[in-house]
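Shown next, in structure tokens, is the structure this report addresses.
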There are 2 protein chains.
Amino acid sequence: MEHDSELRITLIGAGTIGLSFAAFHLSHLTSPSHLTIYDTRPNAEEYILSTLPQFYQNGSVPISLSEINIATSLSSAVSTASIIQESGPENLSFKKQLWKQVEQHAPKDALLWSSTSGIPASQQSQDMQDRARLLVVHPYNPPHIMPLLELVPSPETLERVITRTQDFWLARGRVPIHLKKEITGFVANRLAFALLRESIHLVQSGVVSVTELDKIVESSMGPRWAVAGPFKSYHAGGGPGGLEAFFKNIGGTVQACWTDAGQVNVGDGWEDQVFREAREAYGIVATTERDAITRRVLNTIEEERAKTIGGEATSN
Amino acid sequence: MEHDSELRITLIGAGTIGLSFAAFHLSHLTSPSHLTIYDTRPNAEEYILSTLPQFYQNGSVPISLSEINIATSLSSAVSTASIIQESGPENLSFKKQLWKQVEQHAPKDALLWSSTSGIPASQQSQDMQDRARLLVVHPYNPPHIMPLLELVPSPETLERVITRTQDFWLARGRVPIHLKKEITGFVANRLAFALLRESIHLVQSGVVSVTELDKIVESSMGPRWAVAGPFKSYHAGGGPGGLEAFFKNIGGTVQACWTDAGQVNVGDGWEDQVFREAREAYGIVATTERDAITRRVLNTIEEERAKTIGGEATSN
């Protein structure tokens, strides 16, 4: 189904995440008319058609956006969809109610995805008749640029549904990762927030400023981890002995850092200084520039990887 | 002094870090003869000249390595140096002894730098007569590729020494960051190890495998943080309200992740699984490929930043 020229995608919710997904799908669908967007805001059609160009470089859209279906009811939005992804409010009762209704009107084999960053599929599906159909497909924002999708099924989600979801994203050059447990915050945010917590601690302790900390990350682990994740990097750092040798060499320092790590909490009082420093240094960040650079970085890595596939096969 | 065509650099210790620094300096010095390397291993000259080409892309060295001075005594190595950087064993008594000797033979205004990843300048300088001269200049490996240098003075290091050190690296397009305190592990490693700790916890908990975790980082926060550090990213994530709005929106999720974060320690028993997964997935990592890709990523970001300097001035 996923390679079918008849594939039809319905997006529920036209916020930043929904429209970023729209921009991504439009570059892969047979026709813009195979995309349906449903949003309950007043003048949704006008809002969507005027906002979508922001998700294209220099605002130049290579297709006819007016062919997109802007649905006026949930039932008509989902009735012929192959895939339905909701990016609505982060509110459990909204999502429970939504899936109950979607189930009544969508084709039996449509894939049902939630973009939530925190509400597990097992909770969202509580009022569904067939709870095996739903899973979380959590993007790293913005999804029209960033390759990661965290797939977080509930214990009831069918294996077949997970596989079809993985295949869909793999076929489109993305990186879908299947999380084996419905853990708080999923994986990417947990990792990033762990580093953020230590970042706040170091600024609050007067070791570096907000901008100095950002520069440190941008000129060290940022580019490093764009190319090789933390385990692979430290495995390389250990030389032929790998991660084990790495910990034999500097496990003492690692543990010393862990023992000494900050344990700041939200509301502890670090906020005033950190928020002010960020505001004064950055004002309003121009994300279009950031996204354009990020896109080039990702393309560069992809090109280089393609070149060295021969080398990877022997060394990897 | 630092822009002087007479600038002379002496590197003590020809391990991986020392030689990587050598490769960096050779591309900026007036002549290879202005670089001196001192190492106590047998056949040091042969070792150095045969190993250095590995730090050049495809091993092609554009200069005459045989012009480098390979010193045969510490006193002759440092006697005419403008800058002396040690990348020797991570051993306090070695370093204390070294600086005491260096001080006797080096010019009075030579800058004294240690590459240590853990032994503070205030400890290394204990046996020196003039303790104001020394500071830590900690690279992110390998320094011929990665732009970051953490400058960690002791409380006694002269402000003028710190400034000259910053100016030296800034003039060579690097990112020297002055840490205001001699904190355990400095900043970059503390941040990376915080994320590593949560990574180990998630693998040990069965949420993802070692390679899945690496893929998550490579396709999300790696490329994101290569372009904009964590504070800038989350400040952008909050829209016009910045970091404050970000925490207003999802501070609850951030705190939930912090509260639920893993607290693994070295020796807890996670090692067998994690080391084995890394070994089986990665074997011996080809760092030359990784470094070539990283170099292109860094060049790409620099090019893009240069293009958008006009935009940055208004948005940043």
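Letters A, B, ... go to the chains of the structure tokens in the order shown; residues in each chain start at 1; ligands are counted from 1 in the same order.
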
Give me the region 5-47 of chain A side of the contact with region 98-113 of chain A, cut-off 10 Å, one line per residue showing its nearest atom pair and distance in Å at one decimal, counting only C-alpha atoms, sorted by chain and residue number, as CSV.
residue,atom,partner,partner_atom,distance
A:Arg8,CA,A:Ala110,CA,9.6
A:Ile9,CA,A:Ala110,CA,9.4
A:Thr10,CA,A:Leu112,CA,9.8
A:Leu11,CA,A:Trp113,CA,9.6
A:Ile12,CA,A:Leu98,CA,9.6

Restricted to N, CA, C and O atoms, what would the selected residues look like written as a PDB file, in the first residue's frame?
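And here is the file that came out, result_29.pdb:
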ATOM      1  N   ARG A   8      -3.233   7.864   0.169  1.00  0.00           N
ATOM      2  CA  ARG A   8      -3.853   9.120   0.603  1.00  0.00           C
ATOM      3  C   ARG A   8      -3.568   9.371   2.077  1.00  0.00           C
ATOM      4  O   ARG A   8      -3.777   8.486   2.899  1.00  0.00           O
ATOM      5  N   ILE A   9      -3.086  10.557   2.357  1.00  0.00           N
ATOM      6  CA  ILE A   9      -2.716  10.904   3.734  1.00  0.00           C
ATOM      7  C   ILE A   9      -3.625  11.997   4.261  1.00  0.00           C
ATOM      8  O   ILE A   9      -3.883  12.988   3.571  1.00  0.00           O
ATOM      9  N   THR A  10      -4.109  11.786   5.479  1.00  0.00           N
ATOM     10  CA  THR A  10      -4.911  12.819   6.143  1.00  0.00           C
ATOM     11  C   THR A  10      -4.195  13.314   7.392  1.00  0.00           C
ATOM     12  O   THR A  10      -3.779  12.511   8.234  1.00  0.00           O
ATOM     13  N   LEU A  11      -4.034  14.612   7.476  1.00  0.00           N
ATOM     14  CA  LEU A  11      -3.423  15.229   8.655  1.00  0.00           C
ATOM     15  C   LEU A  11      -4.489  15.960   9.446  1.00  0.00           C
ATOM     16  O   LEU A  11      -5.248  16.763   8.879  1.00  0.00           O
ATOM     17  N   ILE A  12      -4.540  15.677  10.742  1.00  0.00           N
ATOM     18  CA  ILE A  12      -5.507  16.349  11.609  1.00  0.00           C
ATOM     19  C   ILE A  12      -4.747  17.334  12.485  1.00  0.00           C
ATOM     20  O   ILE A  12      -3.856  16.942  13.241  1.00  0.00           O
TER      21      ILE A  12
END

Exercise. Can you pull out every residue within 10 Å of region 32-35 of chain B, counting only C-alpha atoms, but drop anything in the same chain fewer than 4 positions away, and send it as a PyMOL selection string?
Key: chain B and resi 5-11+22+25-28+63-70+77+80-83

Quiz prompt | Computed interatomic separation between CA of Ser205 (chain A) and CA of Val264 (chain A) (Å) | solution =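 Computing the Euclidean distance for CA of Ser205 (chain A) and CA of Val264 (chain A) yields 10.9 Å.
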
Quiz item: What lies within 9 Å of Thr300 (chain A) using only C-alpha atoms, ignoring chain neighbours under 6 positions off, as JSON, numbers by chain?
Solution: {"B": [293, 296, 297, 300]}

Quiz item: Near region 254-262 of chain A, within 9 Å and counting only C-alpha atoms, which residues show up once chain neighbours fewer than 3 positions away are dropped, as a count of residues only?
Solution: 22

Quiz item: Which is closest to chain B among A:Met128, A:Ile216, A:Ala44, A:Ile145, if we use only C-alpha atoms?
Solution: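 Selected residue with least distance to chain B: A:Ile216.
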
Quiz prompt | Those in region 104-250 of chain B with strand (DSSP E or B) from DSSP, as JSON, numbers by chain | solution = {"B": [111, 112, 113, 114, 134, 135, 136, 137, 138, 139, 148, 149, 150, 151, 152, 153, 175, 176, 177, 178]}

Save the residues we just selected, all heavy atoms, as a compact mmCIF listing (two decimals), in the first residue's frame?
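Heads up, here's the output in again_5.txt:
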# COMPACT_ATOMS: atom_id res chain seq x y z
N LEU B 111 53.82 31.08 26.50
CA LEU B 111 52.55 30.61 27.04
C LEU B 111 52.68 29.12 27.35
O LEU B 111 53.23 28.36 26.55
CB LEU B 111 51.44 30.81 26.01
CG LEU B 111 51.07 32.26 25.71
CD1 LEU B 111 50.18 32.35 24.47
CD2 LEU B 111 50.35 32.88 26.92
N LEU B 112 52.17 28.70 28.51
CA LEU B 112 52.28 27.30 28.93
C LEU B 112 50.89 26.69 29.01
O LEU B 112 50.05 27.13 29.81
CB LEU B 112 52.98 27.23 30.30
CG LEU B 112 54.33 27.95 30.41
CD1 LEU B 112 54.95 27.70 31.79
CD2 LEU B 112 55.29 27.52 29.30
N TRP B 113 50.65 25.69 28.18
CA TRP B 113 49.33 25.10 28.07
C TRP B 113 49.38 23.60 28.34
O TRP B 113 50.28 22.90 27.86
CB TRP B 113 48.78 25.27 26.63
CG TRP B 113 48.59 26.68 26.19
CD1 TRP B 113 48.51 27.80 26.95
CD2 TRP B 113 48.42 27.11 24.81
NE1 TRP B 113 48.32 28.91 26.16
CE2 TRP B 113 48.25 28.51 24.84
CE3 TRP B 113 48.39 26.45 23.59
CZ2 TRP B 113 48.06 29.26 23.68
CZ3 TRP B 113 48.20 27.19 22.43
CH2 TRP B 113 48.05 28.59 22.48
N SER B 114 48.35 23.09 29.01
CA SER B 114 48.21 21.65 29.20
C SER B 114 46.95 21.16 28.49
O SER B 114 45.90 21.77 28.61
CB SER B 114 48.10 21.31 30.69
OG SER B 114 47.72 19.96 30.85
N LEU B 134 50.43 29.33 33.72
CA LEU B 134 49.89 28.07 33.18
C LEU B 134 48.37 28.09 33.09
O LEU B 134 47.69 28.62 33.97
CB LEU B 134 50.33 26.93 34.11
CG LEU B 134 49.92 25.52 33.71
CD1 LEU B 134 50.70 25.07 32.48
CD2 LEU B 134 50.13 24.54 34.87
N LEU B 135 47.84 27.48 32.06
CA LEU B 135 46.41 27.18 32.02
C LEU B 135 46.16 25.91 31.20
O LEU B 135 47.02 25.48 30.44
CB LEU B 135 45.56 28.35 31.46
CG LEU B 135 45.48 28.58 29.96
CD1 LEU B 135 44.32 29.50 29.64
CD2 LEU B 135 46.78 29.19 29.47
N VAL B 136 44.99 25.34 31.40
CA VAL B 136 44.57 24.18 30.61
C VAL B 136 43.99 24.67 29.29
O VAL B 136 43.20 25.62 29.26
CB VAL B 136 43.54 23.34 31.39
CG1 VAL B 136 42.88 22.31 30.48
CG2 VAL B 136 44.21 22.65 32.59
N VAL B 137 44.40 24.03 28.19
CA VAL B 137 43.82 24.26 26.86
C VAL B 137 43.36 22.89 26.38
O VAL B 137 44.11 22.15 25.76
CB VAL B 137 44.84 24.90 25.90
CG1 VAL B 137 44.26 25.03 24.50
CG2 VAL B 137 45.26 26.28 26.42
N HIS B 138 42.13 22.56 26.73
CA HIS B 138 41.63 21.20 26.52
C HIS B 138 40.91 21.09 25.18
O HIS B 138 39.90 21.75 24.96
CB HIS B 138 40.66 20.83 27.65
CG HIS B 138 40.03 19.48 27.50
ND1 HIS B 138 38.67 19.28 27.55
CD2 HIS B 138 40.58 18.27 27.28
CE1 HIS B 138 38.41 17.99 27.38
NE2 HIS B 138 39.54 17.35 27.21
N PRO B 139 41.44 20.26 24.27
CA PRO B 139 40.79 20.13 22.95
C PRO B 139 39.63 19.13 23.00
O PRO B 139 39.49 18.36 23.95
CB PRO B 139 41.92 19.55 22.10
CG PRO B 139 42.68 18.68 23.05
CD PRO B 139 42.62 19.38 24.40
N LEU B 148 36.61 23.26 19.01
CA LEU B 148 36.54 23.70 20.40
C LEU B 148 37.87 23.57 21.16
O LEU B 148 38.55 22.55 21.05
CB LEU B 148 35.49 22.87 21.16
CG LEU B 148 35.38 23.17 22.67
CD1 LEU B 148 34.89 24.58 22.92
CD2 LEU B 148 34.49 22.15 23.36
N LEU B 149 38.20 24.60 21.93
CA LEU B 149 39.26 24.53 22.94
C LEU B 149 38.69 25.07 24.24
O LEU B 149 38.21 26.22 24.27
CB LEU B 149 40.46 25.40 22.54
CG LEU B 149 41.44 25.01 21.43
CD1 LEU B 149 41.93 23.58 21.56
CD2 LEU B 149 40.87 25.28 20.06
N GLU B 150 38.70 24.27 25.29
CA GLU B 150 38.26 24.77 26.60
C GLU B 150 39.47 25.35 27.32
O GLU B 150 40.41 24.62 27.63
CB GLU B 150 37.64 23.65 27.41
CG GLU B 150 36.33 23.15 26.83
CD GLU B 150 35.72 22.01 27.66
OE1 GLU B 150 36.19 20.86 27.52
OE2 GLU B 150 34.80 22.28 28.43
N LEU B 151 39.43 26.65 27.60
CA LEU B 151 40.51 27.30 28.32
C LEU B 151 40.14 27.33 29.80
O LEU B 151 39.14 27.95 30.18
CB LEU B 151 40.73 28.73 27.82
CG LEU B 151 40.81 28.95 26.30
CD1 LEU B 151 41.26 30.37 26.00
CD2 LEU B 151 41.73 27.93 25.64
N VAL B 152 40.94 26.64 30.61
CA VAL B 152 40.61 26.55 32.03
C VAL B 152 41.81 27.02 32.86
O VAL B 152 42.70 26.23 33.19
CB VAL B 152 40.23 25.10 32.43
CG1 VAL B 152 39.47 25.13 33.76
CG2 VAL B 152 39.41 24.41 31.36
N PRO B 153 41.83 28.30 33.18
CA PRO B 153 42.92 28.83 34.00
C PRO B 153 42.75 28.40 35.46
O PRO B 153 41.66 28.01 35.87
CB PRO B 153 42.74 30.35 33.87
CG PRO B 153 41.30 30.55 33.56
CD PRO B 153 40.84 29.34 32.80
N VAL B 175 37.45 27.92 18.22
CA VAL B 175 36.46 28.39 19.19
C VAL B 175 36.99 28.17 20.61
O VAL B 175 36.73 27.14 21.23
CB VAL B 175 35.11 27.66 18.99
CG1 VAL B 175 34.06 28.16 19.99
CG2 VAL B 175 34.60 27.83 17.56
N PRO B 176 37.79 29.13 21.12
CA PRO B 176 38.29 29.00 22.49
C PRO B 176 37.25 29.54 23.47
O PRO B 176 36.78 30.67 23.31
CB PRO B 176 39.54 29.90 22.49
CG PRO B 176 39.22 30.97 21.49
CD PRO B 176 38.31 30.35 20.45
N ILE B 177 36.87 28.74 24.46
CA ILE B 177 35.89 29.20 25.46
C ILE B 177 36.55 29.19 26.83
O ILE B 177 37.09 28.17 27.27
CB ILE B 177 34.64 28.29 25.45
CG1 ILE B 177 34.00 28.22 24.06
CG2 ILE B 177 33.64 28.78 26.51
CD1 ILE B 177 33.30 29.48 23.61
N HIS B 178 36.48 30.32 27.48
CA HIS B 178 37.10 30.51 28.79
C HIS B 178 36.16 30.06 29.90
O HIS B 178 35.10 30.66 30.11
CB HIS B 178 37.46 32.00 28.93
CG HIS B 178 37.90 32.40 30.30
ND1 HIS B 178 37.99 33.71 30.70
CD2 HIS B 178 38.31 31.67 31.38
CE1 HIS B 178 38.41 33.76 31.96
NE2 HIS B 178 38.60 32.55 32.39

Quiz prompt | Residue neighbourhood region 224-228 of chain A, 6 Å, only C-alpha atoms, exclusion window fewer than 6 positions, as a list of chain:residue names | solution =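 What passes the distance filter is B:Glu218, B:Gly222, B:Pro223.
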
Quiz item: Just asking: which residues within region 99-293 of chain B are helix (DSSP H, G or I) according to DSSP, as a ChimeraX atom specification?
Solution: /B:99-105,121-124,131-133,159-171,188-204,210-218,221-227,230-237,239-260,271-282,287-293

Exercise. Fewer than 6 positions away in the same chain doesn't count, so skip those; otherwise give me all residues within 8 Å of Phe231 (chain B), counting only C-alpha atoms, as an MDAnalysis selection string.
Key: (chainID A and resid 196 210:211 214 278) or (chainID B and resid 243)

Quiz prompt | Residue nearest Arg279 (chain B) - candidates A:Arg164, A:Lys180, A:Arg131, A:His235, atoms counted: only C-alpha atoms | solution =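 Residue with the minimum atom-to-atom distance to Arg279 (chain B): A:His235.
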
Exercise. Tell me, in Å to one decimal, how far CA of Ser154 (chain A) is from CA of Lys181 (chain A).
Key: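 Distance between the two atoms: 7.8 Å.
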
Exercise. Tell me which of B:Thr72, B:Phe21, B:Leu170, B:Glu303 sits closest to Pro42 (chain B), counting only C-alpha atoms.
Key: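 For Pro42 (chain B), the nearest of the given residues is B:Thr72.
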
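For the atom pair formed by CA of Arg133 (chain A) and CA of Thr157 (chain A), the distance is 5.8 Å, given to one decimal.
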
Exercise. Pick out the closest residue to chain B from this set: A:Pro89, A:Gly252, A:Gly229, A:Gly267. Count only C-alpha atoms.
Key: A:Gly229
